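Engineer: Data: final-v5.txt, compact mmCIF, C-alpha atoms.
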# COMPACT_ATOMS: atom_id res chain seq x y z
CA MET W 283 -11.43 5.87 -17.01
CA ARG W 284 -14.85 6.09 -18.61
CA PHE W 285 -15.76 8.41 -21.47
CA LYS W 286 -18.80 10.56 -20.70
CA MET W 287 -21.29 11.67 -23.32
CA TYR W 288 -21.31 15.39 -24.00
CA SER W 289 -24.15 17.55 -25.26
CA TRP W 290 -22.71 17.83 -28.70
CA LEU W 291 -24.85 17.62 -31.80
CA ILE W 292 -23.96 15.09 -34.42
CA GLY W 293 -23.29 16.77 -37.70
CA MET W 294 -26.25 18.85 -38.73
CA LEU W 295 -28.94 19.56 -36.16
CA PHE W 296 -31.51 17.63 -38.11
CA VAL W 297 -31.87 15.51 -41.18
CA PRO W 298 -33.71 17.25 -44.06
CA THR W 299 -37.34 16.30 -44.45
CA LEU W 300 -38.09 13.77 -47.14
CA LEU W 301 -39.97 15.44 -49.93
CA LEU W 302 -42.79 13.81 -51.78
CA ALA W 303 -43.14 14.55 -55.49
CA GLN W 304 -46.54 16.20 -55.14
CA THR W 305 -45.67 18.39 -52.11
CA GLU W 306 -45.93 22.10 -52.72
CA PRO W 307 -42.85 24.21 -51.85
CA GLU W 308 -44.76 26.40 -49.39
CA ASP W 309 -45.95 23.26 -47.48
CA VAL W 310 -42.36 22.04 -47.15
CA ALA W 311 -41.25 25.41 -45.77
CA ALA W 312 -44.04 25.33 -43.20
CA VAL W 313 -43.04 21.85 -42.00
CA ASP W 314 -39.38 22.90 -41.77
CA ASP W 315 -40.27 25.97 -39.73
CA LYS W 316 -42.38 23.95 -37.29
CA PHE W 317 -39.64 21.33 -36.84
CA GLN W 318 -36.98 23.95 -36.23
CA ASN W 319 -39.14 25.82 -33.74
CA PHE W 320 -39.92 22.69 -31.73
CA PHE W 321 -36.31 21.48 -31.94
CA TYR W 322 -34.84 24.74 -30.68
CA GLU W 323 -37.48 24.88 -27.98
CA SER W 324 -36.31 21.44 -26.81
CA LEU W 325 -32.70 22.68 -26.65
CA LYS W 326 -33.77 25.74 -24.69
CA GLN W 327 -35.77 23.69 -22.17
CA LYS W 328 -32.98 21.14 -21.77
CA GLY W 329 -30.54 23.99 -21.14
CA ILE W 330 -32.57 25.07 -18.09
CA GLU W 331 -33.05 21.42 -17.03
CA ASN W 332 -36.77 21.44 -17.80
CA TYR W 333 -36.58 17.97 -19.28
CA ASP W 334 -40.30 17.21 -19.42
CA LYS W 335 -40.97 20.21 -21.68
CA ALA W 336 -37.90 19.40 -23.75
CA ILE W 337 -39.25 15.89 -24.30
CA GLU W 338 -42.69 17.26 -25.25
CA ALA W 339 -41.08 19.50 -27.90
CA LEU W 340 -39.03 16.59 -29.24
CA GLN W 341 -42.11 14.41 -29.49
CA ARG W 342 -43.67 17.11 -31.71
CA CYS W 343 -40.52 16.97 -33.83
CA GLN W 344 -40.90 13.21 -33.98
CA GLU W 345 -44.44 13.56 -35.35
CA LEU W 346 -43.12 15.80 -38.10
CA GLU W 347 -40.01 13.73 -38.90
CA PRO W 348 -40.35 10.17 -37.55
CA ASN W 349 -37.05 9.01 -39.10
CA ASN W 350 -34.82 11.81 -37.83
CA ALA W 351 -31.97 10.21 -35.81
CA VAL W 352 -31.09 13.47 -34.06
CA VAL W 353 -34.52 13.61 -32.43
CA TYR W 354 -34.06 10.14 -30.92
CA PHE W 355 -30.56 11.09 -29.77
CA GLU W 356 -31.87 14.21 -28.00
CA LEU W 357 -34.69 12.21 -26.43
CA GLY W 358 -32.10 9.75 -25.12
CA LYS W 359 -30.11 12.55 -23.49
CA ASN W 360 -33.16 14.06 -21.83
CA TYR W 361 -34.37 10.70 -20.50
CA LEU W 362 -30.86 9.95 -19.22
CA ALA W 363 -30.81 13.25 -17.36
CA GLN W 364 -34.09 12.19 -15.69
CA LYS W 365 -32.62 8.75 -14.89
CA LYS W 366 -35.35 7.13 -16.98
CA TYR W 367 -32.83 4.56 -18.09
CA LYS W 368 -34.99 2.25 -20.22
CA ASP W 369 -36.42 5.12 -22.24
CA ALA W 370 -32.94 6.59 -22.64
CA TYR W 371 -31.46 3.28 -23.78
CA ASP W 372 -34.28 2.60 -26.24
CA ASN W 373 -33.84 5.99 -27.92
CA PHE W 374 -30.06 5.71 -28.15
CA GLU W 375 -30.44 2.18 -29.53
CA LYS W 376 -32.89 3.49 -32.14
CA VAL W 377 -30.20 5.92 -33.33
CA THR W 378 -27.65 3.08 -33.71
CA GLN W 379 -30.16 1.11 -35.72
CA MET W 380 -30.64 4.06 -38.07
CA ASP W 381 -26.94 5.00 -38.10
CA PRO W 382 -24.59 2.24 -36.79
CA LYS W 383 -21.57 4.57 -37.11
CA ASN W 384 -23.03 7.14 -34.73
CA ARG W 385 -20.43 6.88 -31.97
CA TRP W 386 -22.18 9.18 -29.51
CA ALA W 387 -25.35 7.09 -29.51
CA TRP W 388 -23.24 4.07 -28.50
CA VAL W 389 -21.69 6.25 -25.78
CA GLY W 390 -25.22 7.07 -24.57
CA MET W 391 -26.06 3.36 -24.30
CA TYR W 392 -22.80 2.80 -22.43
CA ASP W 393 -23.66 5.60 -19.99
CA VAL W 394 -27.00 3.93 -19.26
CA CYS W 395 -25.38 0.53 -18.66
CA TYR W 396 -22.69 2.01 -16.46
CA ASP W 397 -25.15 3.99 -14.35
CA THR W 398 -27.37 0.93 -13.90
CA HIS W 399 -24.37 -1.38 -13.21
CA ASP W 400 -25.27 -3.59 -16.15
CA TYR W 401 -21.62 -4.33 -16.80
CA ASN W 402 -22.17 -7.38 -18.99
CA GLN W 403 -24.19 -5.35 -21.48
CA ALA W 404 -21.66 -2.51 -21.14
CA ILE W 405 -18.94 -4.90 -22.33
CA ILE W 406 -20.85 -5.57 -25.55
CA ILE W 407 -21.25 -1.84 -26.17
CA VAL W 408 -17.65 -0.94 -25.31
CA GLN W 409 -16.40 -3.60 -27.71
CA LYS W 410 -18.29 -1.65 -30.39
CA LEU W 411 -16.89 1.67 -29.15
CA ILE W 412 -13.34 0.33 -29.46
CA GLU W 413 -13.91 0.30 -33.22
CA PHE W 414 -14.25 4.09 -33.00
CA LYS W 415 -11.56 4.76 -30.39
CA ALA W 416 -8.97 2.32 -28.99
CA ASP W 417 -8.86 4.24 -25.68
CA TYR W 418 -12.05 2.42 -24.69
CA LYS W 419 -9.90 -0.65 -24.02
CA GLU W 420 -9.15 0.95 -20.63
CA ASP W 421 -12.89 0.87 -19.90
CA LEU W 422 -13.07 -2.73 -21.05
CA THR W 423 -10.34 -3.68 -18.59
CA SER W 424 -12.36 -2.22 -15.70
CA LEU W 425 -15.51 -3.95 -16.92
CA TYR W 426 -13.76 -7.31 -17.05
CA MET W 427 -12.63 -6.74 -13.46
CA ASN W 428 -16.17 -5.79 -12.38
CA THR W 429 -17.55 -8.96 -13.96
CA GLN W 430 -14.70 -11.11 -12.56
CA GLN W 431 -13.49 -12.15 -16.02
CA TYR W 432 -9.93 -12.07 -14.78
CA ASP W 433 -8.40 -14.13 -17.57
CA LYS W 434 -9.68 -11.63 -20.17
CA ALA W 435 -8.68 -8.70 -17.95
CA LEU W 436 -5.13 -10.05 -17.57
CA GLU W 437 -4.76 -10.61 -21.31
CA LEU W 438 -5.97 -7.07 -22.04
CA ILE W 439 -3.78 -5.53 -19.33
CA ASN W 440 -0.71 -7.19 -20.81
CA GLU W 441 -1.68 -6.00 -24.28
CA LEU W 442 -2.10 -2.41 -23.10
CA ASN W 443 1.11 -2.51 -21.06
CA GLU W 444 3.02 -3.51 -24.17
CA LYS W 445 1.33 -1.06 -26.55
CA VAL W 446 0.77 2.07 -24.46
CA GLY W 447 2.84 1.50 -21.31
CA ARG W 448 1.90 0.60 -17.75
CA SER W 449 -0.48 2.54 -15.53
CA ASP W 450 -1.01 2.56 -11.76
CA LYS W 451 -4.60 1.45 -12.15
CA ARG W 452 -3.74 -1.52 -14.35
CA ASP W 453 -0.87 -2.46 -12.01
CA LEU W 454 -3.35 -2.62 -9.12
CA TYR W 455 -5.75 -4.73 -11.18
CA LYS W 456 -2.93 -7.08 -12.11
CA ALA W 457 -1.78 -7.44 -8.51
CA ASP W 458 -5.33 -8.37 -7.48
CA ILE W 459 -5.60 -10.99 -10.23
CA LEU W 460 -2.23 -12.56 -9.46
CA ARG W 461 -3.15 -13.20 -5.83
CA ASP W 462 -4.95 -16.23 -7.26
CA ALA W 463 -2.31 -18.83 -8.14
CA LYS W 464 -4.28 -20.15 -11.11
CA TYR W 465 -3.50 -17.00 -13.10
CA GLN W 466 0.20 -16.98 -12.26
CA THR W 467 1.30 -19.55 -14.84
CA ALA W 468 -0.11 -17.50 -17.69
CA GLU W 469 1.54 -14.38 -16.30
CA LYS W 470 4.90 -16.12 -15.92
CA ASN W 471 4.74 -17.17 -19.56
CA ASN W 472 3.77 -13.63 -20.55
CA LEU W 473 6.71 -12.17 -18.63
CA LEU W 474 9.14 -14.66 -20.17
CA ASP W 475 7.86 -13.58 -23.57
CA GLN W 476 8.25 -9.91 -22.65
CA ILE W 477 11.83 -10.51 -21.49
CA LYS W 478 12.65 -12.06 -24.87
CA LYS W 479 11.09 -9.12 -26.69
CA PHE W 480 12.45 -6.40 -24.44
CA PRO W 481 15.61 -7.70 -22.71
CA LYS W 482 16.51 -4.25 -21.36
CA ASP W 483 13.17 -3.66 -19.59
CA GLU W 484 14.00 -4.24 -15.93
CA SER W 485 10.38 -4.27 -14.72
CA ASN W 486 9.57 -7.60 -16.41
CA TYR W 487 12.47 -9.33 -14.67
CA ILE W 488 11.44 -7.89 -11.32
CA SER W 489 7.83 -9.04 -11.71
CA LEU W 490 8.90 -12.54 -12.73
CA ILE W 491 11.41 -12.85 -9.87
CA TYR W 492 8.62 -11.85 -7.49
CA LEU W 493 6.20 -14.43 -8.91
CA TYR W 494 8.76 -17.23 -8.76
CA SER W 495 9.63 -16.28 -5.18
CA GLN W 496 5.96 -16.23 -4.18
CA SER W 497 5.50 -19.76 -5.52
CA ASN W 498 8.70 -21.03 -3.84
CA GLN W 499 10.51 -21.47 -7.17
CA GLU W 500 13.75 -20.07 -5.84
CA GLU W 501 15.97 -21.66 -8.49
CA LYS W 502 13.94 -20.09 -11.29
CA ALA W 503 13.95 -16.76 -9.46
CA LEU W 504 17.74 -16.95 -9.26
CA GLU W 505 17.96 -17.85 -12.95
CA ILE W 506 15.99 -14.72 -13.87
CA ALA W 507 18.06 -12.61 -11.47
CA LYS W 508 21.23 -13.78 -13.21
CA LYS W 509 19.71 -12.96 -16.60
CA LEU W 510 18.84 -9.52 -15.31
CA GLU W 511 22.36 -8.99 -13.98
CA LYS W 512 23.78 -10.05 -17.35
CA GLU W 513 21.48 -7.81 -19.42
CA ILE W 514 21.51 -4.87 -17.00
CA PRO W 515 24.69 -5.09 -14.87
CA THR W 516 23.73 -1.94 -12.96
CA SER W 517 20.37 -3.37 -11.82
CA ASP W 518 19.88 -3.16 -8.05
CA TRP W 519 16.95 -5.59 -8.24
CA ALA W 520 19.14 -8.42 -9.49
CA GLN W 521 21.06 -8.18 -6.21
CA VAL W 522 17.91 -8.83 -4.14
CA SER W 523 17.64 -12.41 -5.41
CA LEU W 524 21.41 -12.90 -5.56
CA PHE W 525 21.66 -11.90 -1.89
CA LYS W 526 19.24 -14.65 -0.88
CA PHE W 527 21.01 -17.18 -3.10
CA HIS W 528 24.42 -16.39 -1.57
CA LEU W 529 23.02 -16.46 1.95
CA ASN W 530 21.37 -19.85 1.41
CA ASN W 531 24.73 -21.16 0.17
CA GLY W 532 26.55 -19.78 3.21
CA ASP W 533 28.52 -17.39 1.01
CA GLY W 534 28.61 -14.47 3.42
CA ASP W 535 31.13 -12.39 1.46
CA ASN W 536 29.02 -12.27 -1.72
CA ALA W 537 25.84 -11.85 0.32
CA VAL W 538 27.39 -8.75 1.92
CA LYS W 539 28.32 -7.36 -1.50
CA ALA W 540 24.75 -7.81 -2.74
CA MET W 541 23.31 -6.37 0.48
CA ASN W 542 25.51 -3.28 0.25
CA ILE W 543 24.10 -2.56 -3.20
CA VAL W 544 20.46 -3.12 -2.19
CA LEU W 545 20.31 -1.20 1.09
CA PRO W 546 21.36 2.25 -0.21
CA SER W 547 19.27 1.85 -3.39
CA LYS W 548 16.37 4.27 -3.81
CA LYS W 549 14.70 1.83 -6.22
CA ILE W 550 14.15 -0.95 -3.69
CA ASP W 551 11.07 -0.94 -1.45
CA PRO W 552 11.92 -0.39 2.28
CA LYS W 553 10.03 -3.57 3.24
CA ILE W 554 12.37 -5.61 1.07
CA LYS W 555 15.36 -3.89 2.67
CA HIS W 556 14.08 -4.74 6.14
CA ARG W 557 13.57 -8.36 5.12
CA ILE W 558 17.15 -8.54 3.82
CA LEU W 559 18.52 -7.05 7.02
CA ASN W 560 16.52 -9.50 9.17
CA GLU W 561 17.82 -12.44 7.14
CA PHE W 562 21.38 -11.16 7.47
CA LEU W 563 20.91 -10.66 11.22
CA LEU W 564 20.07 -14.36 11.64
CA PHE W 565 23.06 -15.26 9.49
CA ALA W 566 25.42 -12.97 11.45
CA LYS W 567 24.24 -14.43 14.76
CA ASN W 568 25.66 -17.78 13.71
CA ASN W 569 28.62 -16.23 11.88
CA PRO W 570 30.04 -13.58 14.25
CA LYS W 571 32.75 -12.49 11.83
CA TYR W 572 30.05 -10.64 9.87
CA GLU W 573 28.94 -8.53 12.85
CA THR W 574 30.89 -5.52 11.53
CA ASP W 575 28.99 -5.80 8.26
CA LEU W 576 25.74 -5.91 10.24
CA ASP W 577 26.70 -2.67 11.99
CA LYS W 578 27.36 -0.99 8.64
CA ALA W 579 24.03 -2.25 7.33
CA ILE W 580 22.15 -0.74 10.27
CA ALA W 581 23.60 2.67 9.42
CA TYR W 582 21.55 2.68 6.20
CA PHE W 583 18.40 2.83 8.34
CA ASP W 584 19.37 5.78 10.55
CA ASN W 585 16.70 8.01 8.98
CA ASP W 586 13.99 5.36 8.84
CA LYS W 587 11.02 6.87 10.69
CA GLU W 588 8.88 3.73 10.61
CA VAL W 589 11.23 1.06 11.95
CA LYS W 590 14.04 1.70 14.43
CA VAL W 591 16.36 -1.00 13.19
CA ALA W 592 19.05 -0.89 15.90
CA LYS W 593 16.34 -1.11 18.57
CA GLU W 594 14.69 -4.09 16.90
CA ILE W 595 18.03 -5.88 16.66
CA ALA W 596 18.72 -5.13 20.33
CA LYS W 597 15.32 -6.61 21.29
CA PHE W 598 16.11 -9.65 19.15
CA TYR W 599 19.25 -10.23 21.24
CA VAL W 600 17.26 -9.70 24.47
CA SER W 601 14.93 -12.51 23.34
CA LYS W 602 18.02 -14.71 22.87
CA ALA W 603 19.49 -13.61 26.24
CA ASP W 604 22.58 -12.38 24.41
CA TRP W 605 23.12 -9.46 26.77
CA PRO W 606 26.43 -8.06 25.42
CA LYS W 607 24.89 -7.73 21.94
CA ALA W 608 21.69 -6.28 23.40
CA VAL W 609 23.74 -3.62 25.22
CA LYS W 610 25.66 -2.76 22.06
CA TYR W 611 22.59 -2.21 19.90
CA PHE W 612 20.52 -0.39 22.53
CA GLU W 613 23.43 2.02 22.98
CA MET W 614 23.57 2.45 19.20
CA HIS W 615 19.83 3.15 19.01
CA LEU W 616 19.81 5.58 21.96
CA LYS W 617 22.34 7.85 20.26
CA ASN W 618 19.51 8.84 17.90
CA ALA W 619 16.61 8.42 20.35
CA PRO W 620 17.96 9.36 23.82
CA GLU W 621 14.51 9.61 25.44
CA ASP W 622 13.08 6.28 24.28
CA MET W 623 11.83 5.05 27.67
CA GLU W 624 11.37 1.41 26.64
CA SER W 625 14.91 1.21 25.30
CA LEU W 626 16.38 2.94 28.34
CA LEU W 627 14.80 0.44 30.72
CA LEU W 628 15.81 -2.52 28.57
CA LEU W 629 19.38 -1.19 28.40
CA LEU W 630 19.53 -0.95 32.21
CA GLN W 631 18.25 -4.51 32.49
CA ALA W 632 20.83 -5.65 29.94
CA TYR W 633 23.60 -3.96 31.97
CA THR W 634 22.30 -5.80 35.04
CA GLU W 635 22.19 -9.21 33.31
CA ASN W 636 25.68 -8.58 31.91
CA ASN W 637 27.07 -7.61 35.34
CA GLN W 638 28.10 -4.17 34.05
CA PHE W 639 27.37 -2.46 37.34
CA GLU W 640 29.63 0.54 36.88
CA ALA W 641 27.95 1.35 33.56
CA LEU W 642 24.57 0.68 35.19
CA ALA W 643 25.27 3.04 38.09
CA LYS W 644 26.50 5.83 35.82
CA LYS W 645 23.62 5.56 33.35
CA ALA W 646 20.87 5.14 35.94
CA ASP W 647 22.20 8.04 38.03
CA GLU W 648 22.20 10.28 34.93
CA LEU W 649 18.64 9.26 34.16
CA THR W 650 17.40 10.18 37.66
CA GLN W 651 18.55 13.72 36.89
CA LEU W 652 16.81 13.76 33.50
CA PHE W 653 13.64 12.00 34.67
CA PRO W 654 13.39 12.83 38.40
CA THR W 655 9.94 11.22 38.90
CA GLN W 656 10.68 7.85 37.21
CA PRO W 657 11.18 5.34 40.07
CA GLN W 658 12.69 2.60 37.86
CA PHE W 659 15.84 4.63 37.31
CA TYR W 660 16.34 5.07 41.09
CA TYR W 661 15.88 1.33 41.53
CA TYR W 662 18.56 0.41 38.98
CA ALA W 663 20.94 2.99 40.43
CA GLY W 664 20.43 1.57 43.94
CA LEU W 665 20.92 -1.99 42.71
CA ALA W 666 24.15 -0.98 40.96
CA TYR W 667 25.52 0.82 44.06
CA ASN W 668 24.73 -2.22 46.19
CA GLN W 669 26.70 -4.45 43.81
CA LEU W 670 29.56 -1.93 43.91
CA LYS W 671 29.36 -1.92 47.73
CA SER W 672 28.55 1.81 47.79
CA PHE W 673 25.85 1.15 50.36
CA LYS W 674 25.35 4.74 51.56
CA LYS W 675 24.75 5.93 47.97
CA ALA W 676 22.37 3.00 47.51
CA THR W 677 20.25 3.88 50.57
CA ASP W 678 20.06 7.56 49.64
CA ILE W 679 18.93 6.99 46.06
CA LEU W 680 16.59 4.07 46.87
CA GLU W 681 14.76 5.98 49.65
CA THR W 682 14.32 8.93 47.30
CA GLY W 683 13.00 6.74 44.49
CA LEU W 684 10.62 4.77 46.74
CA ASP W 685 8.54 7.92 47.23
CA PHE W 686 7.73 7.90 43.49
CA VAL W 687 6.42 4.31 43.38
CA ILE W 688 2.66 4.33 42.83
CA ASP W 689 0.48 1.25 42.28
CA ASP W 690 3.39 -0.99 41.30
CA THR W 691 3.72 -3.73 43.92
CA ALA W 692 6.44 -5.66 42.11
CA LEU W 693 8.66 -2.57 41.91
CA GLU W 694 7.92 -1.69 45.54
CA ILE W 695 9.03 -5.20 46.59
CA ASN W 696 12.29 -4.82 44.69
CA PHE W 697 12.97 -1.42 46.27
CA ASN W 698 12.52 -2.89 49.77
CA ILE W 699 14.79 -5.83 48.99
CA GLN W 700 17.54 -3.53 47.73
CA LEU W 701 17.14 -1.25 50.77
CA GLY W 702 17.44 -4.32 53.02
CA GLU W 703 20.63 -5.29 51.20
CA ALA W 704 22.02 -1.74 51.49
CA TYR W 705 21.39 -1.49 55.24
CA ASN W 706 22.81 -4.98 55.70
CA GLY W 707 25.97 -3.72 54.01
CA LEU W 708 26.00 -0.74 56.38
CA GLY W 709 25.55 -3.03 59.40
CA ASP W 710 22.16 -1.51 60.36
CA MET W 711 20.32 -4.75 61.22
CA LYS W 712 17.22 -2.96 62.47
CA LYS W 713 16.55 -1.23 59.17
CA LYS W 714 17.62 -4.32 57.28
CA GLU W 715 14.86 -6.32 59.00
CA LYS W 716 12.39 -3.47 58.49
CA TYR W 717 12.77 -3.50 54.71
CA PHE W 718 13.00 -7.28 54.32
CA THR W 719 9.88 -7.65 56.45
CA LYS W 720 8.05 -5.07 54.31
CA ALA W 721 9.10 -6.93 51.17
CA ASN W 722 7.79 -10.23 52.59
CA GLU W 723 4.47 -8.62 53.52
CA LEU W 724 4.00 -7.31 49.99
CA ILE W 725 4.94 -10.72 48.53
CA ASN W 726 2.38 -12.48 50.79
CA LYS W 727 -0.32 -9.99 49.76
CA GLN W 728 0.24 -10.96 46.15
CA LYS W 729 -0.30 -14.67 46.79
CA PRO W 730 -3.77 -15.97 45.89
As structure tokens, how would this structure be written, given the file I've shared?
Structural biologist:
Amino acid sequence: MRFKMYSWLIGMLFVPTLLLAQTEPEDVAAVDDKFQNFFYESLKQKGIENYDKAIEALQRCQELEPNNAVVYFELGKNYLAQKKYKDAYDNFEKVTQMDPKNRWAWVGMYDVCYDTHDYNQAIIIVQKLIEFKADYKEDLTSLYMNTQQYDKALELINELNEKVGRSDKRDLYKADILRDAKYQTAEKNNLLDQIKKFPKDESNYISLIYLYSQSNQEEKALEIAKKLEKEIPTSDWAQVSLFKFHLNNGDGDNAVKAMNIVLPSKKIDPKIKHRILNEFLLFAKNNPKYETDLDKAIAYFDNDKEVKVAKEIAKFYVSKADWPKAVKYFEMHLKNAPEDMESLLLLLQAYTENNQFEALAKKADELTQLFPTQPQFYYYAGLAYNQLKSFKKATDILETGLDFVIDDTALEINFNIQLGEAYNGLGDMKKKEKYFTKANELINKQKP
């Protein structure tokens, strides 16, 4: 936030002319009339943005009353409007020399510094403006950031957070500063102090837990989490650190309790929830008795539009060649996303690897009806029927699907192999040789 200077007059429009003892009254009146005429002419010209003429009129005022601060102030505003920054600054500065308590002249100097990006000089001026209005501390924070005086910025941010409350802008500034580890010690000490002063303010605990975790001080993070749980038993954030502590200690039961508080919480960031689930997934893989708890945890993510959790877990088990688990979680995911092509194909492959040929035949056959031009589904159906020794069904569905194969040599080879197997099962040696020969030809074409 930066305070802008407005076209307000300061007090009276002009300072009365100094009278000399020998001046006649009629001469004084004449001077006053001239000054007022030129001054109002300057206001009129400034109002229609004719700044040159406004300045000319003010210079006539200056000749009549060389010590009138209002004239210098108006000159500063007109020069600023013309972006004649040095002239503007000099005139505003002249006002502050004549009247150091003239806040709006200091604002004019600040406007010049801000527009010209002279942030170091702006800091000096804003420090003066703070004497008039404490709100300028917000400006000072931004100026410290612009001049990379992060230690001063952090100290001021913490002061403002305590006195007037946090703001999004200051939170962003603070996050930027704390990316540099050298500022983290001071911030940790500040947060410890804030926790002592305000033990019921959850945000300070959360920030400190995060900082300790970032610097691999897990024991200290846990200590703060326990303090938070003690002071605010209903805090969901305390459970985030407690979950990790229990998991690291192999205490699955208490880890599950903490996880079941965190996952449904609206206070916890979704990224943290995903991290917790991923950590629990690795734990459950080595501790199968917690698989039911994993299933319940996945349910919390049913409406997550960014990450399809069941699918990601299924793919994790594919990477580990744990086909029964892969099948389970792909089936879970496809209940909510029945047309996810990648998951459908991976599920069919998982059925194949797991020797679930009846399930493979049923699912693949259904998919040929839903997606009649997708050759992969015909291939899996034919493979399944071959394994089930339903060779006639295999030949029918494979020959139909082969017509849809376009520019996919690997798939075409597999179709021909399965057709060879099917006709072998039917005892048709001629067609068996035909398809095996075709498969070999395609394989040889692929060789370098």
Engineer: From the list W:Glu648, W:Asp586, W:Asp372, W:Glu703, which residue is nearest Cys395 (chain W) when using only C-alpha atoms?
Structural biologist: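 Comparing W:Glu648, W:Asp586, W:Asp372, W:Glu703 against Cys395 (chain W), the winner is W:Asp372.
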Engineer: Using only C-alpha atoms, determine which residues lie at most 10 Å from Phe697 (chain W), disregarding the query and same-chain residues fewer than 5 positions distant; provide the list as a ChimeraX atom specification.
Structural biologist: /W:657-658,660-662,664-665,677,680-681,683-684,687,691-692,702-703,717-718,721
Engineer: I'd like the contact shell of Asp421 (chain W) - 12 Å cut-off, all atoms listed in the file, skipping same-chain residues fewer than 6 positions apart - returned as a ChimeraX atom specification.
Structural biologist: /W:283-286,389,392-393,396,401,404-409,411-412,415,427-428,435,438-439,442,451-452
Engineer: Put those residues in a file: C-alpha atoms, as a PDB file, in the coordinates of the input.
Structural biologist:
ATOM      1  CA  MET W 283     -11.430   5.870 -17.010  1.00  0.00           C
ATOM      2  CA  ARG W 284     -14.850   6.090 -18.610  1.00  0.00           C
ATOM      3  CA  PHE W 285     -15.760   8.410 -21.470  1.00  0.00           C
ATOM      4  CA  LYS W 286     -18.800  10.560 -20.700  1.00  0.00           C
ATOM      5  CA  VAL W 389     -21.690   6.250 -25.780  1.00  0.00           C
ATOM      6  CA  TYR W 392     -22.800   2.800 -22.430  1.00  0.00           C
ATOM      7  CA  ASP W 393     -23.660   5.600 -19.990  1.00  0.00           C
ATOM      8  CA  TYR W 396     -22.690   2.010 -16.460  1.00  0.00           C
ATOM      9  CA  TYR W 401     -21.620  -4.330 -16.800  1.00  0.00           C
ATOM     10  CA  ALA W 404     -21.660  -2.510 -21.140  1.00  0.00           C
ATOM     11  CA  ILE W 405     -18.940  -4.900 -22.330  1.00  0.00           C
ATOM     12  CA  ILE W 406     -20.850  -5.570 -25.550  1.00  0.00           C
ATOM     13  CA  ILE W 407     -21.250  -1.840 -26.170  1.00  0.00           C
ATOM     14  CA  VAL W 408     -17.650  -0.940 -25.310  1.00  0.00           C
ATOM     15  CA  GLN W 409     -16.400  -3.600 -27.710  1.00  0.00           C
ATOM     16  CA  LEU W 411     -16.890   1.670 -29.150  1.00  0.00           C
ATOM     17  CA  ILE W 412     -13.340   0.330 -29.460  1.00  0.00           C
ATOM     18  CA  LYS W 415     -11.560   4.760 -30.390  1.00  0.00           C
ATOM     19  CA  MET W 427     -12.630  -6.740 -13.460  1.00  0.00           C
ATOM     20  CA  ASN W 428     -16.170  -5.790 -12.380  1.00  0.00           C
ATOM     21  CA  ALA W 435      -8.680  -8.700 -17.950  1.00  0.00           C
ATOM     22  CA  LEU W 438      -5.970  -7.070 -22.040  1.00  0.00           C
ATOM     23  CA  ILE W 439      -3.780  -5.530 -19.330  1.00  0.00           C
ATOM     24  CA  LEU W 442      -2.100  -2.410 -23.100  1.00  0.00           C
ATOM     25  CA  LYS W 451      -4.600   1.450 -12.150  1.00  0.00           C
ATOM     26  CA  ARG W 452      -3.740  -1.520 -14.350  1.00  0.00           C
TER      27      ARG W 452
END
Engineer: Take CA of Glu594 (chain W) and CA of Ala608 (chain W) and report the distance between them in Å, one decimal.
Structural biologist: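 CA of Ala608 (chain W) lies 9.8 Å from CA of Glu594 (chain W).
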Engineer: Report, in Å with one decimal, the straight-line distance from CA of Gly532 (chain W) to CA of Glu573 (chain W).
Structural biologist: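 Distance reported for this atom pair: 15.0 Å.
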Engineer: Counting all atoms listed in the file, which residues in region 484-529 of chain W sit no more than 9 Å from region 541-546 of chain W? For each one, give the nearest pair of atoms and the distance in Å, sorted by chain then residue number, as CSV.
Structural biologist:
residue,atom,partner,partner_atom,distance
W:Asp518,CA,W:Val544,CA,5.9
W:Trp519,CA,W:Val544,CA,7.4
W:Gln521,CA,W:Val544,CA,6.5
W:Val522,CA,W:Val544,CA,6.6
W:Phe525,CA,W:Met541,CA,6.2
Engineer: From the options W:Leu559, W:Ile554, W:Leu454, W:Leu628, which residue's atoms come nearest to Ser424 (chain W), counting only C-alpha atoms?
Structural biologist: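 Looking at the shortest contact to Ser424 (chain W), the residue is W:Leu454.
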Engineer: In Å, how far is it from CA of Leu524 (chain W) to CA of Lys539 (chain W)?
Structural biologist: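 About the pair CA of Leu524 (chain W) and CA of Lys539 (chain W): they are 9.7 Å apart.
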Engineer: Check the smallest atom-to-atom distance from each of W:Ile330, W:Ile695, W:Leu474, W:Met391 to Ile491 (chain W) using only C-alpha atoms, then report the winner.
Structural biologist: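 Among the listed residues, W:Leu474 lies closest to Ile491 (chain W).
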Engineer: Measuring between only C-alpha atoms, which one of W:Thr655, W:Gln379, W:Thr516, W:Ser489 shows the shortest distance to Asn349 (chain W)?
Structural biologist: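 Comparing W:Thr655, W:Gln379, W:Thr516, W:Ser489 against Asn349 (chain W), the winner is W:Gln379.
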Engineer: Between W:Lys479, W:Lys376, W:Lys456, W:Lys714, which has the minimum distance to Gln700 (chain W) (counting all atoms listed in the file)?
Structural biologist: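 So, comparing all the options, the nearest one is W:Lys714.
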Engineer: What's around Pro606 (chain W) at 10 Å? Count all atoms listed in the file, leave out sequence neighbours fewer than 6 positions away in its own chain, and write the answer as a ChimeraX atom specification.
Structural biologist: /W:596,599-600,632-633,635-638
Engineer: Can you tell me which residues surround region 576-578 of chain W at a distance of at most 10 Å, considering all atoms listed in the file, apart from same-chain residues fewer than 6 positions away, and format the answer as a list of chain:residue names?
Structural biologist: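 Those residues are W:Val538, W:Asn542, W:Leu559, W:Asn560, W:Phe562, W:Leu563, W:Phe565, W:Ala566, W:Lys567, W:Pro570, W:Ala592, W:Tyr611, W:Met614.
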